[in-house]
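Peer 1: Got a structure for you, target18.txt, holding compact mmCIF, C-alpha atoms.
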# COMPACT_ATOMS: atom_id res chain seq x y z
CA MET A 1 69.76 -54.89 123.59
CA ARG A 2 65.99 -54.65 124.09
CA LEU A 3 65.45 -56.11 120.63
CA LEU A 4 67.81 -59.00 121.38
CA LEU A 5 66.15 -59.70 124.72
CA CYS A 6 62.68 -59.58 123.18
CA LEU A 7 63.58 -62.09 120.47
CA ALA A 8 65.45 -64.30 122.96
CA ALA A 9 62.48 -64.31 125.33
CA HIS A 10 60.37 -65.73 122.49
CA ALA A 11 63.01 -68.01 120.98
CA GLY A 12 61.58 -70.27 118.32
CA GLU A 13 58.43 -68.15 118.05
CA ILE A 14 57.49 -65.62 115.38
CA VAL A 15 57.46 -62.10 116.79
CA SER A 16 55.50 -59.66 114.65
CA ILE A 17 56.62 -56.15 113.73
CA ASP A 18 53.78 -54.70 115.83
CA ASP A 19 54.84 -56.74 118.88
CA LEU A 20 58.44 -55.60 118.47
CA LEU A 21 57.38 -51.96 118.18
CA GLU A 22 55.30 -52.32 121.33
CA GLN A 23 57.91 -54.15 123.40
CA VAL A 24 61.18 -52.65 122.17
CA TRP A 25 60.02 -49.05 121.64
CA PRO A 26 57.29 -48.65 124.29
CA GLY A 27 55.75 -45.21 124.38
CA ILE A 28 57.76 -44.01 121.36
CA VAL A 29 56.22 -43.31 117.97
CA VAL A 30 58.45 -45.00 115.40
CA THR A 31 57.86 -46.65 112.04
CA PRO A 32 58.50 -50.28 111.04
CA ASP A 33 61.69 -48.99 109.40
CA SER A 34 63.14 -48.71 112.90
CA VAL A 35 62.62 -52.46 113.32
CA TYR A 36 64.26 -53.24 109.97
CA GLN A 37 67.28 -51.05 110.76
CA ALA A 38 67.66 -52.44 114.29
CA VAL A 39 67.46 -56.05 113.07
CA ALA A 40 70.02 -55.30 110.36
CA SER A 41 72.38 -53.75 112.92
CA LEU A 42 71.89 -56.64 115.35
CA ARG A 43 72.64 -59.15 112.62
CA ARG A 44 75.80 -57.27 111.74
CA LEU A 45 76.97 -57.31 115.36
CA LEU A 46 76.24 -61.03 115.64
CA GLY A 47 77.87 -61.80 112.28
CA ASP A 48 74.58 -63.32 111.10
CA ASP A 49 73.68 -63.93 107.46
CA PRO A 50 70.00 -63.12 106.76
CA LYS A 51 70.00 -65.59 103.86
CA GLN A 52 71.33 -68.44 106.02
CA PRO A 53 70.57 -67.25 109.56
CA THR A 54 71.96 -68.87 112.66
CA TYR A 55 70.47 -66.28 115.03
CA ILE A 56 67.59 -64.26 113.55
CA ALA A 57 65.38 -65.49 110.72
CA THR A 58 62.99 -63.30 108.73
CA VAL A 59 59.51 -64.76 108.34
CA PRO A 60 58.09 -62.97 105.26
CA ARG A 61 55.02 -60.80 106.01
CA LEU A 62 54.91 -62.09 109.59
CA GLY A 63 57.97 -60.91 111.50
CA TYR A 64 61.18 -62.37 112.93
CA ARG A 65 62.16 -65.50 114.85
CA MET A 66 65.16 -66.27 117.04
CA VAL A 67 66.46 -69.57 115.67
CA ALA A 68 69.49 -69.86 117.93
CA ALA A 69 69.23 -72.07 121.02
CA VAL A 70 68.51 -69.96 124.11
CA GLY A 71 68.98 -71.14 127.66
CA PRO A 72 70.93 -70.70 130.89
CA CYS A 73 74.68 -71.01 130.64
CA ALA A 74 75.79 -74.56 131.53
CA ASP A 75 78.25 -75.17 134.36
CA ARG A 76 81.43 -76.01 132.49
CA SER A 77 82.99 -77.67 135.54
CA GLU A 78 80.37 -80.42 135.39
CA ALA A 79 80.58 -81.01 131.64
CA PRO A 80 82.28 -84.27 130.57
CA ALA A 81 85.78 -83.69 129.22
CA ALA A 82 85.05 -85.55 126.00
CA THR A 83 81.87 -83.64 125.22
CA ALA A 84 82.13 -81.82 121.89
CA PRO A 85 80.95 -78.22 121.74
CA THR A 86 77.50 -77.76 120.31
CA PRO A 87 77.54 -76.34 116.76
CA ARG A 88 74.46 -74.20 117.32
CA PRO A 89 75.04 -70.70 118.70
CA ARG A 90 73.69 -70.15 122.18
CA LEU A 91 72.58 -66.89 123.71
CA ARG A 92 73.13 -66.70 127.44
CA ALA A 93 69.70 -65.36 128.31
CA GLY A 94 70.34 -65.15 132.04
CA PHE A 95 73.53 -63.16 131.58
CA ALA A 96 71.92 -60.91 128.98
CA ARG A 97 69.00 -60.04 131.25
CA ALA A 98 71.28 -59.31 134.22
CA ALA A 99 73.93 -57.28 132.38
CA GLY A 100 71.99 -55.84 129.45
CA ALA A 101 70.85 -52.53 130.89
CA GLY A 102 74.11 -51.74 132.67
CA LEU A 103 76.24 -52.74 129.70
CA SER A 104 74.16 -50.67 127.31
CA LEU A 105 74.37 -47.57 129.49
CA ALA A 106 78.11 -48.02 129.96
CA LEU A 107 78.70 -48.39 126.23
CA VAL A 108 76.59 -45.36 125.39
CA ALA A 109 78.28 -43.24 128.05
CA ALA A 110 81.75 -44.30 126.94
CA PHE A 111 80.92 -43.68 123.29
CA LEU A 112 79.48 -40.21 123.90
CA PHE A 113 82.36 -39.25 126.20
CA HIS A 114 84.91 -40.38 123.63
CA GLY A 115 83.06 -38.72 120.78
CA ARG A 116 82.72 -35.34 122.51
CA PHE A 117 86.15 -34.99 124.05
CA ALA A 118 88.56 -37.12 122.02
CA PRO A 119 90.35 -35.54 119.04
CA GLN A 120 88.72 -36.41 115.73
CA PRO A 121 91.00 -38.41 113.40
CA GLN A 122 91.19 -36.91 109.92
CA LYS A 123 90.18 -40.19 108.30
CA SER A 124 86.79 -40.55 109.92
CA ILE A 125 83.32 -40.02 108.50
CA ALA A 126 79.71 -40.35 109.61
CA VAL A 127 76.93 -41.03 107.11
CA LEU A 128 73.71 -39.30 108.08
CA PRO A 129 70.36 -40.83 107.06
CA PHE A 130 69.53 -39.67 103.54
CA LEU A 131 66.40 -37.51 103.24
CA ASP A 132 63.36 -38.59 101.27
CA LEU A 133 62.47 -35.49 99.23
CA THR A 134 60.15 -37.24 96.81
CA GLU A 135 56.73 -35.68 96.24
CA LYS A 136 54.81 -38.48 97.98
CA MET A 137 57.51 -39.06 100.60
CA ASN A 138 57.34 -42.79 99.88
CA GLN A 139 61.00 -43.56 99.26
CA GLU A 140 62.17 -43.60 102.89
CA PRO A 141 63.08 -47.32 102.80
CA PHE A 142 65.23 -46.68 99.73
CA ALA A 143 66.87 -43.66 101.41
CA ASP A 144 67.59 -45.69 104.57
CA GLY A 145 68.95 -48.54 102.47
CA MET A 146 71.18 -46.07 100.65
CA THR A 147 72.56 -44.92 103.99
CA GLU A 148 73.20 -48.50 105.14
CA GLU A 149 74.92 -49.38 101.85
CA LEU A 150 77.22 -46.36 102.09
CA ILE A 151 78.19 -47.14 105.68
CA ASP A 152 78.94 -50.73 104.70
CA LYS A 153 81.14 -49.75 101.75
CA LEU A 154 82.95 -46.91 103.51
CA SER A 155 83.72 -49.11 106.53
CA LYS A 156 85.70 -51.40 104.22
CA ILE A 157 88.22 -48.67 103.38
CA PRO A 158 91.42 -49.37 105.36
CA ALA A 159 92.12 -46.92 108.22
CA LEU A 160 88.80 -45.07 107.69
CA ARG A 161 86.70 -44.88 110.84
CA VAL A 162 82.95 -45.04 110.25
CA PRO A 163 80.31 -45.03 113.05
CA PRO A 164 77.73 -47.85 112.75
CA PRO A 165 74.18 -47.35 111.43
CA THR A 166 72.69 -47.30 114.93
CA SER A 167 74.76 -44.20 115.74
CA SER A 168 73.91 -42.46 112.47
CA PHE A 169 70.18 -43.23 112.60
CA TYR A 170 70.02 -41.79 116.11
CA PHE A 171 70.09 -38.36 114.46
CA LYS A 172 67.32 -39.12 111.98
CA GLY A 173 64.69 -36.40 112.14
CA LYS A 174 66.57 -34.43 114.81
CA GLN A 175 67.38 -30.74 114.37
CA THR A 176 71.09 -30.92 115.16
CA THR A 177 74.00 -29.03 113.65
CA ILE A 178 76.70 -30.78 111.65
CA ALA A 179 79.29 -29.61 114.18
CA ASP A 180 77.39 -31.17 117.11
CA ILE A 181 76.87 -34.43 115.23
CA ALA A 182 80.55 -34.61 114.34
CA LYS A 183 81.57 -33.95 117.97
CA THR A 184 79.20 -36.59 119.30
CA LEU A 185 80.33 -39.23 116.82
CA GLY A 186 83.99 -38.18 116.88
CA VAL A 187 84.44 -37.70 113.14
CA ALA A 188 86.15 -35.16 110.89
CA TYR A 189 83.71 -35.48 107.98
CA VAL A 190 79.97 -35.88 107.61
CA LEU A 191 78.23 -37.22 104.52
CA ASP A 192 74.59 -36.41 103.95
CA GLY A 193 72.27 -36.59 100.97
CA SER A 194 68.78 -36.82 99.59
CA VAL A 195 66.58 -38.87 97.27
CA ARG A 196 64.22 -37.35 94.70
CA LYS A 197 62.06 -38.95 92.06
CA SER A 198 60.65 -38.00 88.67
CA GLY A 199 58.53 -40.66 87.03
CA ALA A 200 60.60 -43.85 86.99
CA GLN A 201 63.85 -41.93 87.51
CA LEU A 202 65.62 -41.51 90.84
CA ARG A 203 68.06 -38.74 91.65
CA VAL A 204 70.40 -39.30 94.59
CA ALA A 205 72.40 -36.30 95.78
CA ALA A 206 75.36 -36.62 98.16
CA ARG A 207 77.70 -34.10 99.72
CA LEU A 208 80.75 -34.32 101.94
CA ILE A 209 81.09 -31.71 104.68
CA ARG A 210 84.18 -30.94 106.69
CA ALA A 211 83.04 -30.72 110.31
CA ASP A 212 85.54 -28.16 111.65
CA ASN A 213 84.51 -25.39 109.24
CA GLY A 214 81.17 -26.56 107.83
CA TYR A 215 82.30 -26.25 104.21
CA VAL A 216 81.16 -28.65 101.50
CA VAL A 217 84.31 -30.22 100.05
CA TRP A 218 82.60 -32.52 97.56
CA SER A 219 79.13 -33.04 96.12
CA GLU A 220 77.57 -35.02 93.30
CA THR A 221 74.20 -36.16 91.96
CA TYR A 222 73.40 -39.54 90.45
CA ASP A 223 70.42 -40.25 88.17
CA ARG A 224 69.32 -43.86 87.83
CA PRO A 225 66.18 -45.66 86.55
CA LEU A 226 64.12 -47.15 89.35
CA ASP A 227 64.11 -50.71 88.03
CA ASP A 228 66.33 -52.60 90.47
CA ILE A 229 66.57 -50.84 93.84
CA LEU A 230 69.37 -53.00 95.22
CA MET A 231 71.47 -52.55 92.09
CA VAL A 232 70.89 -48.78 92.15
CA GLN A 233 71.92 -48.58 95.81
CA ASP A 234 75.03 -50.68 95.21
CA ASP A 235 76.00 -48.72 92.09
CA ILE A 236 75.62 -45.28 93.67
CA ALA A 237 77.26 -46.32 96.94
CA GLY A 238 80.24 -47.62 94.98
CA GLN A 239 80.55 -44.38 93.01
CA VAL A 240 80.24 -42.21 96.12
CA THR A 241 82.75 -44.32 98.06
CA LYS A 242 85.29 -44.05 95.26
CA ALA A 243 84.92 -40.27 95.12
CA LEU A 244 84.99 -39.83 98.90
CA ARG A 245 88.07 -41.98 99.26
CA ALA A 246 89.97 -39.68 96.90
CA SER A 247 88.66 -36.53 98.63
CA ILE A 248 89.49 -37.69 102.17
CA GLU A 249 92.90 -39.06 101.28
CA ALA A 250 93.72 -35.73 99.62
CA GLY A 251 93.54 -34.12 103.03
CA PRO A 252 91.94 -30.93 104.41
CA ASP A 253 93.85 -28.56 102.11
CA HIS A 254 92.52 -30.07 98.86
Would you kindly transcribe this structure into structure tokens?

Peer 2:
Amino acid sequence: MRLLLCLAAHAGEIVSIDDLLEQVWPGIVVTPDSVYQAVASLRRLLGDDPKQPTYIATVPRLGYRMVAAVGPCADRSEAPAATAPTPRPRLRAGFARAAGAGLSLALVAAFLFHGRFAPQPQKSIAVLPFLDLTEKMNQEPFADGMTEELIDKLSKIPALRVPPPTSSFYFKGKQTTIADIAKTLGVAYVLDGSVRKSGAQLRVAARLIRADNGYVVWSETYDRPLDDILMVQDDIAGQVTKALRASIEAGPDH
């Protein structure tokens, strides 16, 4: 919500990564990856296409710009009956500022309450941020992209419940047990993994953990040449999703 309000307050202007870090995450030490992940999540919630944006446009090497029209909500009672609706999306800035904080707190509280006390459906899985275990620790963007790709593909499986990236990335870098994560997110399974590198070769390891007993029910490693990152992410995410679908549908006794 803070990211949305920041961009809306500067609608039509380019907001740099540094400005977003300062305004959206004040007093918190985070990397630019946090901005990338938050923008990606916000676009997903808005149904925005980064290639043909109607809300948030990426300005290469400079930052982001809100391209949607932003202004106070018009009084519908005074609008002419024959007036056609505007085709451009509008963000109700006044409403967002007034309700943003309360709505955010209510959603977080409801989500945490549901996650901790509601029974976990068997067909539910959380994807934790993949770890960058490369020698130079310089593959974090790839690892985060791998996590996003897996969440996207798994969420397309019918009847499978998958928490969004914002929920998963909340646990990035935190020393929390699998059981506590599963309770908070309300899932029966947790998928985690790592990325390693040798020369121009990447190795992605993934494992599926059953939350109620902590046992690993499936694991696999994938070796791919680091020539096309997006293709590698898509390929591995597809392979993992196919394997996980079979493991989860088999049930807890298989």

Peer 1: My list of candidates is A:His10, A:Arg161, A:Arg224, A:Lys153. Which is closest to Val240 in chain A when distances are computed with all atoms listed in the file?

Peer 2: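 Using all atoms listed in the file, Val240 in chain A sits closest to A:Lys153.
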
Peer 1: Which is closer to Gly145 in chain A than all the others in A:Gly47, A:Pro164, A:Gly193, A:Pro129, using only C-alpha atoms?

Peer 2: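 Of A:Gly47, A:Pro164, A:Gly193, A:Pro129, the one nearest Gly145 in chain A is A:Pro129, counting only C-alpha atoms.
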
Peer 1: Around (54.3, -53.6, 118.3) in the file's frame, which residues reach within 12 Å when counting all atoms listed in the file? Return as a CSV table (one decimal) with C-alpha atoms, in the coordinates of the input?

Peer 2:
chain,number,residue,atom,x,y,z
A,3,LEU,CA,65.4,-56.1,120.6
A,6,CYS,CA,62.7,-59.6,123.2
A,15,VAL,CA,57.5,-62.1,116.8
A,16,SER,CA,55.5,-59.7,114.6
A,17,ILE,CA,56.6,-56.2,113.7
A,18,ASP,CA,53.8,-54.7,115.8
A,19,ASP,CA,54.8,-56.7,118.9
A,20,LEU,CA,58.4,-55.6,118.5
A,21,LEU,CA,57.4,-52.0,118.2
A,22,GLU,CA,55.3,-52.3,121.3
A,23,GLN,CA,57.9,-54.2,123.4
A,24,VAL,CA,61.2,-52.6,122.2
A,25,TRP,CA,60.0,-49.0,121.6
A,26,PRO,CA,57.3,-48.6,124.3
A,27,GLY,CA,55.8,-45.2,124.4
A,28,ILE,CA,57.8,-44.0,121.4
A,29,VAL,CA,56.2,-43.3,118.0
A,30,VAL,CA,58.4,-45.0,115.4
A,31,THR,CA,57.9,-46.6,112.0
A,32,PRO,CA,58.5,-50.3,111.0
A,34,SER,CA,63.1,-48.7,112.9
A,35,VAL,CA,62.6,-52.5,113.3
A,63,GLY,CA,58.0,-60.9,111.5

Peer 1: Could you tell me how far CA of Arg43 in chain A sits from CA of Met1 in chain A, in Å to one decimal place?

Peer 2: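 One can read the CA of Met1 in chain A to CA of Arg43 in chain A distance as 12.1 Å.
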
Peer 1: Looking at A:Tyr189, A:Asn138, A:Asp144, A:Arg245, which one is nearest to Pro158 in chain A, with distances taken over only C-alpha atoms?

Peer 2: A:Arg245

Peer 1: Would you mind telling me which residue in A:Val162, A:Ala243, A:Ile181, A:Ala200 lies nearest to Thr221 in chain A when using only C-alpha atoms?

Peer 2: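 Residue with the minimum atom-to-atom distance to Thr221 in chain A: A:Ala243.
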
Peer 1: Give me the box for range 151-156 of chain A as JSON, namely the centre and edge lengths in Å to one decimal of a box along x, y and z that holds every listed atom plus 4 Å on each side.

Peer 2:
{"center_x": 81.9, "center_y": -49.2, "center_z": 104.1, "size_x": 15.5, "size_y": 12.5, "size_z": 12.8}

Peer 1: Record the distance separating CA of Met137 in chain A and CA of Leu202 in chain A, expressed in Å with one decimal.

Peer 2: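 Separation between CA of Met137 in chain A and CA of Leu202 in chain A: 12.9 Å.
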
Peer 1: Would you pick out the contacts of Gln233 in chain A at 12 Å or less, using only C-alpha atoms, so that residues sharing its chain but fewer than 2 positions from it are not included, and give the list as a ChimeraX atom specification?

Peer 2: /A:141-153,195,202-204,222-231,235-241

Peer 1: When distances are computed from only C-alpha atoms, which of A:Leu160, A:Val127, A:Ala8, A:Leu208 shows the smallest separation from Leu185 in chain A?

Peer 2: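 That would be A:Val127, the residue with the smallest distance to Leu185 in chain A.
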
Peer 1: Have a look at A:Ala182, A:Ala188, A:Ile157, A:Leu128 and name the one nearest to Arg207 in chain A; count only C-alpha atoms.

Peer 2: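 Result for the nearest residue to Arg207 in chain A: A:Leu128.
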
Peer 1: What is the distance, in Å and to one decimal place, between CA of Ser124 in chain A and CA of Val187 in chain A?

Peer 2: 4.9 Å

Peer 1: List the neighbours of Lys136 in chain A out to 12 Å using only C-alpha atoms; skip same-chain residues closer than 2 positions along the sequence, and give me the result as a VMD selection string.

Peer 2: chain A and resid 132 to 134 138 to 140 195 to 199

Peer 1: Counting all atoms listed in the file, select every polymer residue within 6 Å of (78.4, -40.4, 111.1) as defined in the file's coordinates, and provide the selection as a list in words.

Peer 2: Ile125, Ala126, Val127, Leu128, Pro163, Ser168 and Val190 of chain A

Peer 1: I need the residues from that last selection saved to file as a CSV table (one decimal), in the frame of the given file (with C-alpha atoms), if you can.

Peer 2:
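The resulting file, again-v7.csv, is shown below:
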chain,number,residue,atom,x,y,z
A,125,ILE,CA,83.3,-40.0,108.5
A,126,ALA,CA,79.7,-40.4,109.6
A,127,VAL,CA,76.9,-41.0,107.1
A,128,LEU,CA,73.7,-39.3,108.1
A,163,PRO,CA,80.3,-45.0,113.0
A,168,SER,CA,73.9,-42.5,112.5
A,190,VAL,CA,80.0,-35.9,107.6
